[in-house]
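**Q** Here you go, this is run29.csv (CSV, C-alpha atoms and all ligand atoms).
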```csv
chain,number,residue,atom,x,y,z
A,1,MET,CA,-34.0,11.4,40.1
A,2,SER,CA,-35.6,10.5,43.5
A,3,ARG,CA,-35.0,12.9,46.3
A,4,TYR,CA,-33.1,10.0,48.1
A,5,TYR,CA,-30.5,9.9,45.2
A,6,SER,CA,-30.3,13.6,45.4
A,7,TYR,CA,-29.5,13.4,49.1
A,8,ILE,CA,-26.7,11.0,48.3
A,9,ASN,CA,-25.3,13.3,45.6
A,10,SER,CA,-25.5,16.3,47.8
A,11,ALA,CA,-23.7,14.5,50.7
A,12,LYS,CA,-21.1,13.3,48.2
A,13,GLU,CA,-20.4,16.8,46.9
A,14,ILE,CA,-20.2,18.3,50.4
A,15,ILE,CA,-17.7,15.7,51.4
A,16,ALA,CA,-15.7,16.1,48.2
A,17,ALA,CA,-15.5,19.9,48.9
A,18,TYR,CA,-14.3,19.4,52.5
A,19,SER,CA,-10.5,19.8,53.1
A,20,GLY,CA,-10.3,19.2,56.8
A,21,ALA,CA,-9.1,22.8,57.4
A,22,GLU,CA,-12.1,23.7,59.6
A,23,PRO,CA,-14.6,21.7,61.7
A,24,PHE,CA,-17.0,19.8,59.4
A,25,ALA,CA,-19.9,21.4,61.2
A,26,SER,CA,-18.7,24.9,59.9
A,27,HIS,CA,-18.2,23.6,56.4
A,28,LEU,CA,-21.7,22.0,56.4
A,29,LYS,CA,-23.2,25.3,57.6
A,30,LYS,CA,-21.6,27.2,54.8
A,31,GLN,CA,-22.6,24.6,52.2
A,32,PHE,CA,-26.2,24.8,53.3
A,33,ALA,CA,-26.1,28.6,53.4
A,34,ALA,CA,-24.9,28.7,49.8
A,35,ASN,CA,-27.6,26.2,48.7
A,36,LYS,CA,-30.9,27.7,49.7
A,37,LYS,CA,-32.8,24.9,48.0
A,38,PHE,CA,-32.4,22.6,51.1
A,39,GLY,CA,-35.2,22.6,53.6
A,40,SER,CA,-34.7,21.6,57.2
A,41,LYS,CA,-35.7,18.0,56.5
A,42,ASP,CA,-33.2,17.8,53.6
A,43,ARG,CA,-30.4,19.3,55.8
A,44,LYS,CA,-31.1,16.8,58.5
A,45,GLN,CA,-30.9,13.8,56.2
A,46,ILE,CA,-27.8,15.1,54.4
A,47,SER,CA,-26.0,15.9,57.7
A,48,GLN,CA,-26.8,12.4,59.0
A,49,LEU,CA,-25.4,10.8,55.8
A,50,CYS,CA,-22.2,12.8,56.1
A,51,TYR,CA,-21.7,12.2,59.8
A,52,CYS,CA,-22.3,8.5,59.5
A,53,TYR,CA,-19.8,8.4,56.6
A,54,PHE,CA,-17.2,10.0,58.8
A,55,ARG,CA,-18.0,7.7,61.8
A,56,LEU,CA,-16.6,4.8,59.8
A,57,GLY,CA,-13.1,6.5,59.7
A,58,ASN,CA,-10.9,4.7,57.2
A,59,SER,CA,-13.1,1.5,57.1
A,60,LEU,CA,-14.4,0.0,53.9
A,61,PRO,CA,-11.7,1.6,51.6
A,62,GLU,CA,-12.9,-0.6,48.7
A,63,PHE,CA,-16.3,1.1,48.7
A,64,THR,CA,-17.2,4.1,46.5
A,65,VAL,CA,-18.3,7.2,48.4
A,66,GLU,CA,-22.0,6.4,47.6
A,67,GLU,CA,-21.6,2.9,48.9
A,68,LYS,CA,-19.9,4.1,52.1
A,69,LEU,CA,-22.6,6.7,52.7
A,70,LEU,CA,-25.2,4.0,52.6
A,71,ALA,CA,-23.1,1.6,54.7
A,72,GLY,CA,-22.5,4.4,57.3
A,73,LEU,CA,-26.2,4.9,57.6
A,74,PHE,CA,-26.8,1.2,58.0
A,75,LEU,CA,-24.0,0.5,60.4
A,76,CYS,CA,-24.3,3.6,62.6
A,77,ASN,CA,-28.1,3.4,63.2
A,78,ARG,CA,-30.5,1.1,65.0
A,79,SER,CA,-33.8,2.6,63.8
A,80,SER,CA,-35.6,2.6,60.5
A,81,ASN,CA,-34.6,5.3,58.0
A,82,ASP,CA,-36.6,6.6,55.0
A,83,LEU,CA,-33.6,6.8,52.7
A,84,LEU,CA,-32.5,3.2,53.4
A,85,LYS,CA,-36.1,2.1,53.1
A,86,HIS,CA,-36.1,3.3,49.5
A,87,LEU,CA,-32.5,2.6,48.4
A,88,LYS,CA,-31.6,-0.5,50.5
A,89,PRO,CA,-34.8,-2.0,51.9
A,90,GLU,CA,-33.0,-5.3,52.7
A,91,TRP,CA,-30.7,-3.3,55.1
A,92,ASN,CA,-33.5,-1.2,56.5
A,93,ASP,CA,-35.4,-4.4,57.4
A,94,VAL,CA,-32.6,-5.5,59.7
A,95,ILE,CA,-31.5,-2.1,61.0
A,96,GLU,CA,-32.0,-3.1,64.6
A,97,THR,CA,-29.6,-6.0,64.3
A,98,ALA,CA,-26.2,-5.9,66.1
A,99,PHE,CA,-23.2,-4.3,64.4
A,100,GLU,CA,-21.4,-7.6,64.0
A,101,SER,CA,-24.4,-9.3,62.3
A,102,LYS,CA,-24.7,-6.4,59.9
A,103,LEU,CA,-21.1,-6.7,58.9
A,104,GLN,CA,-21.5,-10.5,58.4
A,105,MET,CA,-24.5,-9.8,56.2
A,106,MET,CA,-22.4,-7.3,54.2
A,107,LYS,CA,-19.5,-9.8,54.1
A,108,ARG,CA,-17.2,-7.0,55.2
A,109,ASP,CA,-14.7,-6.5,58.0
A,110,VAL,CA,-14.4,-3.3,60.0
A,111,ASN,CA,-11.9,-3.4,62.9
A,112,ALA,CA,-10.8,-1.0,65.7
A,113,SER,CA,-7.8,0.4,63.8
A,114,THR,CA,-9.7,1.1,60.6
A,115,VAL,CA,-12.3,3.2,62.6
A,116,PHE,CA,-9.7,4.8,64.9
A,117,PRO,CA,-6.3,4.7,63.2
A,118,PHE,CA,-4.1,5.8,66.1
A,119,THR,CA,-4.6,2.9,68.5
A,120,GLY,CA,-0.8,2.7,69.2
A,121,GLU,CA,-0.9,6.2,70.7
A,122,LEU,CA,-3.6,5.5,73.3
A,123,SER,CA,-3.3,6.1,77.1
A,124,ALA,CA,-3.1,3.1,79.4
A,125,GLY,CA,-6.5,1.8,80.5
A,126,ILE,CA,-8.4,2.3,77.3
A,127,ASP,CA,-10.3,-0.7,75.8
A,128,VAL,CA,-9.2,-0.3,72.2
A,129,ASP,CA,-12.2,-2.0,70.6
A,130,GLU,CA,-14.8,-0.5,72.8
A,131,PHE,CA,-13.3,3.0,72.4
A,132,ALA,CA,-12.9,2.7,68.6
A,133,PHE,CA,-16.4,1.4,68.0
A,134,SER,CA,-17.9,4.0,70.3
A,135,HIS,CA,-17.3,6.5,67.4
A,136,LEU,CA,-20.2,4.9,65.5
A,137,GLN,CA,-22.7,6.6,67.8
A,138,GLN,CA,-23.3,10.2,68.5
A,139,PRO,CA,-22.5,11.1,72.1
A,140,ASP,CA,-25.3,12.5,74.4
A,141,LEU,CA,-25.8,16.0,75.6
A,142,PHE,CA,-24.9,16.5,79.3
A,143,LEU,CA,-25.9,19.2,81.8
A,144,ARG,CA,-24.4,20.0,85.2
A,145,ILE,CA,-26.9,21.3,87.6
A,146,ARG,CA,-25.5,24.3,89.6
A,147,PRO,CA,-25.7,24.2,93.4
A,148,GLY,CA,-29.2,24.8,94.8
A,149,ARG,CA,-30.9,24.7,91.3
A,150,LYS,CA,-31.9,21.1,91.0
A,151,GLU,CA,-35.5,21.5,91.8
A,152,THR,CA,-35.9,24.3,89.4
A,153,VAL,CA,-34.2,22.5,86.5
A,154,LEU,CA,-36.1,19.2,87.0
A,155,HIS,CA,-39.4,21.1,87.2
A,156,GLN,CA,-38.7,22.9,83.9
A,157,LEU,CA,-37.6,19.8,82.1
A,158,LYS,CA,-40.7,17.9,83.3
A,159,ALA,CA,-43.0,20.8,82.4
A,160,ALA,CA,-41.6,20.8,78.9
A,161,ALA,CA,-42.1,16.9,78.7
A,162,VAL,CA,-38.5,16.5,77.6
A,163,SER,CA,-37.1,13.0,77.9
A,164,PHE,CA,-34.0,12.9,80.1
A,165,GLN,CA,-32.1,10.7,82.6
A,166,MET,CA,-30.1,11.5,85.7
A,167,GLN,CA,-26.5,10.4,86.0
A,168,GLY,CA,-25.6,10.7,89.7
A,169,ASP,CA,-27.0,13.6,91.7
A,170,THR,CA,-26.3,16.6,89.5
A,171,THR,CA,-25.8,15.4,85.9
A,172,ILE,CA,-28.7,15.3,83.4
A,173,VAL,CA,-28.4,13.2,80.2
A,174,LEU,CA,-30.3,14.4,77.1
A,175,LEU,CA,-30.5,13.5,73.5
A,176,ASN,CA,-28.1,15.5,71.5
A,177,ALA,CA,-30.8,17.3,69.4
A,178,THR,CA,-32.5,18.7,72.5
A,179,LYS,CA,-32.9,22.5,72.3
A,180,ILE,CA,-32.0,23.0,75.9
A,181,GLU,CA,-31.4,26.8,75.6
A,182,GLU,CA,-35.2,27.1,75.0
A,183,LEU,CA,-36.1,25.2,78.2
A,184,ILE,CA,-33.9,26.4,81.1
A,185,MET,CA,-31.8,29.3,82.1
A,186,LEU,CA,-28.4,28.1,80.8
A,187,ASN,CA,-25.4,29.0,83.0
A,188,LYS,CA,-27.6,30.3,85.8
A,189,ASP,CA,-29.4,27.1,86.6
A,190,ALA,CA,-27.3,24.5,84.7
A,191,VAL,CA,-24.3,24.5,82.4
A,192,VAL,CA,-23.8,22.3,79.2
A,193,GLN,CA,-20.8,20.3,80.2
A,194,ASP,CA,-19.8,16.8,79.1
A,195,TYR,CA,-20.0,14.2,81.9
A,196,SER,CA,-16.2,13.5,81.9
A,197,SER,CA,-15.6,17.2,82.1
A,198,GLN,CA,-17.9,17.4,85.1
A,199,ARG,CA,-15.9,14.5,86.7
A,200,VAL,CA,-12.7,16.6,86.5
A,201,GLY,CA,-14.2,18.5,89.4
A,202,GLU,CA,-13.9,15.4,91.6
A,203,LEU,CA,-10.1,16.0,91.7
A,204,LEU,CA,-10.6,19.3,93.4
A,205,LEU,CA,-12.0,17.4,96.3
A,206,ASN,CA,-8.4,16.3,97.0
A,207,LEU,CA,-7.3,19.8,97.8
A,208,LYS,CA,-6.4,20.1,101.5
A,209,PRO,CA,-8.3,23.1,102.9
A,210,GLN,CA,-5.6,23.7,105.6
A,211,THR,CA,-3.1,24.4,102.8
A,212,LEU,CA,-5.3,27.0,101.1
A,213,ASN,CA,-6.2,30.5,102.0
A,214,PRO,CA,-9.8,31.1,103.2
A,215,LYS,CA,-10.4,32.7,99.8
A,216,PRO,CA,-8.0,30.8,97.5
A,217,SER,CA,-6.6,32.5,94.4
A,218,VAL,CA,-7.4,30.5,91.3
A,219,TRP,CA,-6.0,31.0,87.8
A,220,ASP,CA,-7.8,29.4,84.9
A,221,CYS,CA,-5.0,29.8,82.4
A,222,CYS,CA,-6.6,28.3,79.3
A,223,ALA,CA,-10.1,29.4,80.2
A,224,ALA,CA,-12.0,29.5,76.8
A,225,SER,CA,-15.6,30.3,77.7
A,226,GLY,CA,-15.0,29.4,81.4
A,227,GLY,CA,-16.6,26.0,81.8
A,228,LYS,CA,-13.9,24.9,84.3
A,229,SER,CA,-13.9,28.2,86.1
A,230,ILE,CA,-17.7,28.1,86.8
A,231,MET,CA,-17.3,24.5,88.1
A,232,ALA,CA,-14.3,25.5,90.3
A,233,LYS,CA,-16.5,28.4,91.7
A,234,ASP,CA,-19.4,25.9,92.3
A,235,ILE,CA,-17.1,23.4,94.1
A,236,LEU,CA,-14.7,25.7,96.0
A,237,GLY,CA,-17.1,28.5,96.9
A,238,ASP,CA,-15.5,31.9,97.4
A,239,ILE,CA,-12.4,32.2,95.2
A,240,ASP,CA,-10.3,35.0,93.9
A,241,LEU,CA,-10.6,34.2,90.2
A,242,THR,CA,-8.3,35.1,87.3
A,243,VAL,CA,-9.1,33.9,83.8
A,244,THR,CA,-6.9,34.1,80.7
A,245,ASP,CA,-6.8,32.8,77.2
A,246,VAL,CA,-4.8,33.5,74.0
A,247,ARG,CA,-8.1,34.3,72.1
A,248,GLU,CA,-9.8,37.6,72.8
A,249,SER,CA,-13.0,36.4,71.1
A,250,ILE,CA,-13.5,33.5,73.5
A,251,LEU,CA,-13.0,35.8,76.5
A,252,ILE,CA,-15.9,37.9,75.2
A,253,ASN,CA,-18.0,34.7,75.3
A,254,LEU,CA,-16.8,34.0,78.8
A,255,LYS,CA,-17.8,37.4,80.0
A,256,LYS,CA,-21.4,36.9,78.7
A,257,ARG,CA,-21.5,33.4,80.3
A,258,PHE,CA,-20.1,34.6,83.7
A,259,ALA,CA,-22.8,37.4,83.7
A,260,GLU,CA,-25.5,34.7,83.2
A,261,ALA,CA,-23.8,32.6,85.9
A,262,GLY,CA,-23.8,35.5,88.3
A,263,ILE,CA,-20.0,35.6,88.5
A,264,LYS,CA,-19.0,39.2,88.9
A,265,ASN,CA,-15.6,39.7,90.6
A,266,TYR,CA,-12.8,38.3,88.5
A,267,ASN,CA,-9.8,39.4,86.5
A,268,SER,CA,-9.6,38.6,82.8
A,269,LYS,CA,-6.8,39.1,80.3
A,270,VAL,CA,-5.6,37.9,76.9
A,271,VAL,CA,-2.3,36.0,77.6
A,272,ASP,CA,-0.3,33.8,75.3
A,273,LEU,CA,1.3,31.2,77.5
A,274,SER,CA,3.5,29.9,74.7
A,275,ASN,CA,5.5,33.2,75.0
A,276,SER,CA,8.8,32.7,76.9
A,277,PRO,CA,9.6,34.3,79.2
A,278,LEU,CA,6.1,35.0,80.6
A,279,THR,CA,5.7,38.8,81.0
A,280,ILE,CA,2.5,39.0,83.1
A,281,HIS,CA,2.8,40.3,86.6
A,282,TYR,CA,0.5,38.1,88.7
A,283,SER,CA,1.1,37.2,92.3
A,284,PRO,CA,1.5,33.5,92.6
A,285,PHE,CA,-1.7,31.5,92.8
A,286,ASP,CA,-3.0,28.8,95.2
A,287,LEU,CA,-4.5,26.8,92.3
A,288,ILE,CA,-3.9,26.8,88.6
A,289,LEU,CA,-6.4,25.1,86.2
A,290,ALA,CA,-4.6,24.2,83.0
A,291,ASP,CA,-7.2,22.8,80.6
A,292,VAL,CA,-4.6,22.8,77.8
A,293,PRO,CA,-5.2,23.0,74.0
A,294,CYS,CA,-5.0,19.4,72.8
A,295,SER,CA,-5.8,17.0,69.9
A,296,GLY,CA,-9.4,16.6,71.3
A,297,SER,CA,-9.1,12.9,70.5
A,298,GLY,CA,-11.4,12.0,73.4
A,299,THR,CA,-14.2,14.0,71.8
A,300,TRP,CA,-14.1,12.8,68.2
A,301,GLY,CA,-17.5,11.1,68.6
A,302,ARG,CA,-18.7,14.7,68.3
A,303,THR,CA,-16.3,15.6,65.4
A,304,PRO,CA,-15.9,12.2,63.6
A,305,GLU,CA,-14.3,13.8,60.5
A,306,GLN,CA,-11.1,13.8,62.6
A,307,LEU,CA,-10.9,10.0,62.3
A,308,SER,CA,-9.9,10.5,58.7
A,309,PHE,CA,-8.4,14.0,58.8
A,310,PHE,CA,-6.3,14.1,61.9
A,311,ASN,CA,-2.6,14.2,61.2
A,312,ASN,CA,-0.6,11.9,63.5
A,313,GLY,CA,2.3,14.4,63.6
A,314,SER,CA,0.1,16.9,65.5
A,315,ILE,CA,0.3,14.8,68.7
A,316,GLU,CA,4.0,15.9,69.1
A,317,THR,CA,3.1,19.5,68.3
A,318,TYR,CA,0.3,19.5,71.0
A,319,SER,CA,2.5,17.8,73.5
A,320,ALA,CA,5.3,20.4,73.1
A,321,LEU,CA,2.8,23.3,73.3
A,322,GLN,CA,1.2,21.8,76.5
A,323,ARG,CA,4.7,21.6,78.1
A,324,LYS,CA,5.4,25.2,77.2
A,325,ILE,CA,2.1,26.4,78.6
A,326,CYS,CA,2.6,24.4,81.8
A,327,PHE,CA,6.2,25.6,82.2
A,328,ASN,CA,5.1,29.2,82.0
A,329,ALA,CA,2.0,28.8,84.1
A,330,ILE,CA,3.9,27.1,86.9
A,331,THR,CA,6.2,30.1,87.4
A,332,LYS,CA,3.0,31.7,88.9
A,333,LEU,CA,2.2,28.8,91.3
A,334,LYS,CA,2.8,29.3,95.0
A,335,PRO,CA,5.0,26.8,96.9
A,336,GLY,CA,2.4,24.3,98.2
A,337,GLY,CA,0.0,25.4,95.5
A,338,TYR,CA,-2.0,23.0,93.3
A,339,PHE,CA,-1.8,22.5,89.5
A,340,LEU,CA,-4.8,20.7,87.8
A,341,TYR,CA,-3.7,19.5,84.4
A,342,ILE,CA,-6.6,18.6,82.0
A,343,THR,CA,-6.9,17.3,78.4
A,344,CYS,CA,-9.7,15.9,76.3
A,345,SER,CA,-7.2,13.7,74.7
A,346,VAL,CA,-6.8,9.9,74.7
A,347,PHE,CA,-3.1,10.0,73.7
A,348,LYS,CA,-0.4,9.1,76.2
A,349,LYS,CA,2.0,11.8,74.9
A,350,GLU,CA,-0.6,14.5,75.9
A,351,ASN,CA,-1.6,12.7,79.1
A,352,GLU,CA,0.5,10.4,81.3
A,353,GLU,CA,3.8,11.3,79.5
A,354,ASN,CA,3.3,15.0,80.1
A,355,VAL,CA,2.4,14.3,83.8
A,356,GLN,CA,5.7,12.3,84.1
A,357,TRP,CA,7.5,15.3,82.6
A,358,LEU,CA,5.8,17.7,85.1
A,359,GLN,CA,7.1,15.5,87.8
A,360,ASN,CA,10.6,14.9,86.4
A,361,GLU,CA,11.4,18.3,84.9
A,362,LEU,CA,9.2,20.8,86.9
A,363,LYS,CA,9.5,18.9,90.2
A,364,LEU,CA,5.7,18.8,90.9
A,365,GLN,CA,4.4,16.1,93.1
A,366,LEU,CA,1.6,14.0,91.7
A,367,ILE,CA,-1.5,13.7,94.0
A,368,LYS,CA,-3.8,11.8,91.6
A,369,GLN,CA,-4.2,11.2,87.9
A,370,GLU,CA,-7.2,9.8,86.2
A,371,LEU,CA,-8.4,8.7,82.8
A,372,LEU,CA,-12.0,9.8,82.7
A,373,ILE,CA,-13.6,7.1,80.5
A,374,GLY,CA,-16.7,8.4,78.7
A,375,TYR,CA,-16.9,6.0,75.7
A,376,THR,CA,-18.9,3.4,77.7
A,377,ILE,CA,-21.7,6.0,78.3
A,378,LYS,CA,-21.9,8.1,75.2
A,379,ALA,CA,-19.7,10.8,76.7
A,380,ASP,CA,-16.2,12.2,76.0
A,381,THR,CA,-13.1,10.6,77.3
A,382,MET,CA,-10.8,13.0,79.2
A,383,PHE,CA,-7.6,13.0,81.4
A,384,ALA,CA,-6.9,14.9,84.5
A,385,ALA,CA,-4.0,15.1,87.0
A,386,LEU,CA,-3.7,17.0,90.2
A,387,LEU,CA,-0.2,18.0,91.2
A,388,GLN,CA,1.3,20.1,93.9
A,389,LYS,CA,4.4,22.3,94.0
A,390,PRO,CA,6.7,21.4,97.0
A,391,GLU,CA,6.8,23.9,99.8
A,401,LIG,C1,-9.5,23.0,76.0
A,401,LIG,S1,-9.7,24.6,75.8
A,401,LIG,C2,-10.2,25.2,77.4
A,401,LIG,C3,-11.7,24.8,77.7
A,401,LIG,C4,-12.2,25.5,78.9
A,401,LIG,N1,-11.3,25.3,80.1
A,401,LIG,C5,-13.6,25.0,79.3
A,401,LIG,O1,-13.8,24.3,80.3
A,401,LIG,O2,-14.5,25.5,78.6
A,401,LIG,C6,-8.1,25.2,75.6
A,401,LIG,C7,-8.0,26.7,75.5
A,401,LIG,O3,-6.6,27.0,75.4
A,401,LIG,C8,-6.4,28.2,74.7
A,401,LIG,N2,-5.0,28.3,74.2
A,401,LIG,C9,-4.4,27.8,73.1
A,401,LIG,N3,-3.2,28.1,73.0
A,401,LIG,C10,-2.9,28.9,74.1
A,401,LIG,C11,-1.8,29.7,74.5
A,401,LIG,N4,-0.6,29.6,73.8
A,401,LIG,N5,-1.9,30.4,75.7
A,401,LIG,C12,-3.0,30.4,76.3
A,401,LIG,N6,-4.2,29.8,76.0
A,401,LIG,C13,-4.1,29.0,74.9
A,401,LIG,C14,-7.4,28.0,73.5
A,401,LIG,O4,-7.7,29.3,73.0
A,401,LIG,C15,-8.6,27.3,74.2
A,401,LIG,O5,-9.6,28.2,74.5
```
Would you put the structure from the file into structure tokens?
Ligand SMILES: C[S@@+](CC[C@H](N)C(=O)[O-])C[C@H]1O[C@@H](n2cnc3c(N)ncnc32)[C@H](O)[C@@H]1O

**A**
Amino acid sequence: MSRYYSYINSAKEIIAAYSGAEPFASHLKKQFAANKKFGSKDRKQISQLCYCYFRLGNSLPEFTVEEKLLAGLFLCNRSSNDLLKHLKPEWNDVIETAFESKLQMMKRDVNASTVFPFTGELSAGIDVDEFAFSHLQQPDLFLRIRPGRKETVLHQLKAAAVSFQMQGDTTIVLLNATKIEELIMLNKDAVVQDYSSQRVGELLLNLKPQTLNPKPSVWDCCAASGGKSIMAKDILGDIDLTVTDVRESILINLKKRFAEAGIKNYNSKVVDLSNSPLTIHYSPFDLILADVPCSGSGTWGRTPEQLSFFNNGSIETYSALQRKICFNAITKLKPGGYFLYITCSVFKKENEENVQWLQNELKLQLIKQELLIGYTIKADTMFAALLQKPE
């Protein structure tokens, strides 16, 4: 059997063994660890086959797994591939052709809702076709340059002859495979942060300084490893920072990251915000960042297995959890204080419907809400809303 058929068989077995219970990247890692015979080139080719397969979502249901693996490789790539060259040379010859022409050639139809099956749930303002088909491509890697570090970062990237582009003044766009941790001082000079996630920071520019303390107290209530906290510190300057998360393990990552970022004085604690009533004894905050757990549906370009494994019913579960977290967090918001609600979801139940609920039920006033479209530029799509508690 040629090694190309062996790649197809391995990809088929790995996909058959995947249940959707963990991210596909973890499953893949375990499969490769259990099969030492795969070298790095083999792993790369098998991963590419699997990911392209998932990028098609529920499209081409009439195809066998083998056929869909090859179709994925053809439809999701624009440059020649060794495996296609050997197994489907007629496809490899036209690999640079547009997606629609490739489909015509295959006499097949792939539409937005076969790629992304939850189009009826989308937030207002999303172009359904453009968004759905964006999943066929892997998103880019983005860096946010920290204040005062631009010259250093650009110098290091140029010295390493890495190909990159600037997006605006402080965002660097790189190919996803770039080993950035080997090139720059991550977290000190720049942080890995998706472009839309960086744009969330723009909402903080709507805070009115006269309503804040000179050193505002900020609570990042779903902090994870602290990406939004580092950004808040970079934008707002001197803040009195508190970080909490339900997962102790992620706060350990945060501490390491903050040390690298030079952030020293902060309070951190494991807090489950779904517990009612909330038992922590914090003084009310000037600003709460609530980057809530969500479906992650704006980031499925990075985890395309979700296109076939996500369960529609989870949207309601996430929405209910988000409301509970917000309800509890807002008990610790000062009158006149700000609440920044963030998701990396494209679903209206997690986005604008929850913001409406925050206004109707928790009586917050909406200052600005924004769908942060990333699918046009190989970035994630996110949603953010800045609200204020009445005085
Ligand atoms: C979207 S992530 C936050 C990302 C982070 N803000 C950043 O920029 O890197 C959501 C976080 O909410 C946390 N979370 C989930 N359920 C929670 C709960 N009941 N109470 C508090 N945090 C929770 C998760 O552990 C996760 O780290």

**Q** Can you tell me which residues sit at most 9 Å away from ligand LIG 401 (chain A), counting all atoms listed in the file, written as a ChimeraX atom specification?

**A** /A:193,197,220-231,244-248,250-251,254,270-275,289-294,296,321-322,324-325,342-344

**Q** For A:Val355, list every protein, DNA or RNA residue within 9 Å, evaluated using all atoms listed in the file, and leave out those in the same chain fewer than 5 positions away; present the list as number ranges by chain.

**A** A: 341, 350, 360, 366, 369, 385, 387

**Q** Can you list, as a PyMOL selection string, every protein, DNA or RNA residue that comes within 8 Å of stretch 142-145 of chain A when you count only C-alpha atoms, leaving out same-chain residues fewer than 3 positions away?

**A** chain A and resi 149-150+153+170-174+189-195+198

**Q** Taking into account all atoms listed in the file, which residue in the set A:Ala232, A:Leu154, A:Phe310, A:Gln104 is nearest to A:Met166?

**A**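 The shortest atom-to-atom distance to A:Met166 comes from A:Leu154.
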
**Q** Residues at most 12 Å from A:Asp129, counting only C-alpha atoms, excluding those fewer than 4 positions away in the same chain, as a PyMOL selection string?

**A** chain A and resi 110-117+119+122+133-136+375-376

**Q** So which residues fall inside 12 Å of (-5.5, 27.4, 101.5) if we count all atoms listed in the file? Mind giving them as a PyMOL selection string?

**A** chain A and resi 207-218+236+238-240+285-287+334-338

**Q** What's the separation between atom CA of A:Lys349 and atom CA of A:Leu371, in Å to one decimal place?

**A** 13.4 Å

**Q** Can you pull out every residue within 8 Å of stretch 2-16 of chain A, counting all atoms listed in the file, but drop anything in the same chain fewer than 5 positions away, and send it as an NGL selection string?

**A** :A and (28 or 31 or 42 or 45-47 or 49-50 or 65-66 or 69 or 83 or 86-87)

**Q** Would you compute the distance between atom CA of A:Leu75 and atom CA of A:Lys102? Give it in Å to one decimal.

**A**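 Separating atom CA of A:Leu75 from atom CA of A:Lys102 is a distance of 7.0 Å.
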
**Q** Which of these, A:Pro304, A:Ser123, A:Lys378, A:Tyr266, has the shortest distance to A:Asn354 once you count all atoms listed in the file?

**A**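 For A:Asn354, the nearest of the given residues is A:Ser123.
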
**Q** For A:Asn265, list every protein, DNA or RNA residue within 12 Å, evaluated using all atoms listed in the file, and leave out those in the same chain fewer than 4 positions away; present the list as an mmCIF file with C-alpha atoms, in the coordinates of the input.

**A**
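Printed below is around.cif as written:
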```cif
data_model
loop_
_atom_site.group_PDB
_atom_site.id
_atom_site.type_symbol
_atom_site.label_atom_id
_atom_site.label_comp_id
_atom_site.auth_asym_id
_atom_site.auth_seq_id
_atom_site.Cartn_x
_atom_site.Cartn_y
_atom_site.Cartn_z
ATOM 1 C CA LYS A 233 -16.500 28.400 91.700
ATOM 2 C CA ASP A 238 -15.500 31.900 97.400
ATOM 3 C CA ILE A 239 -12.400 32.200 95.200
ATOM 4 C CA ASP A 240 -10.300 35.000 93.900
ATOM 5 C CA LEU A 241 -10.600 34.200 90.200
ATOM 6 C CA THR A 242 -8.300 35.100 87.300
ATOM 7 C CA VAL A 243 -9.100 33.900 83.800
ATOM 8 C CA LYS A 255 -17.800 37.400 80.000
ATOM 9 C CA PHE A 258 -20.100 34.600 83.700
ATOM 10 C CA ALA A 259 -22.800 37.400 83.700
ATOM 11 C CA ALA A 261 -23.800 32.600 85.900
#
```

**Q** Could you check which of A:Met105, A:Tyr282, A:Leu203, A:Glu90 is closest to A:Asn267, using all atoms listed in the file?

**A**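 The answer is A:Tyr282, which sits nearest to A:Asn267.
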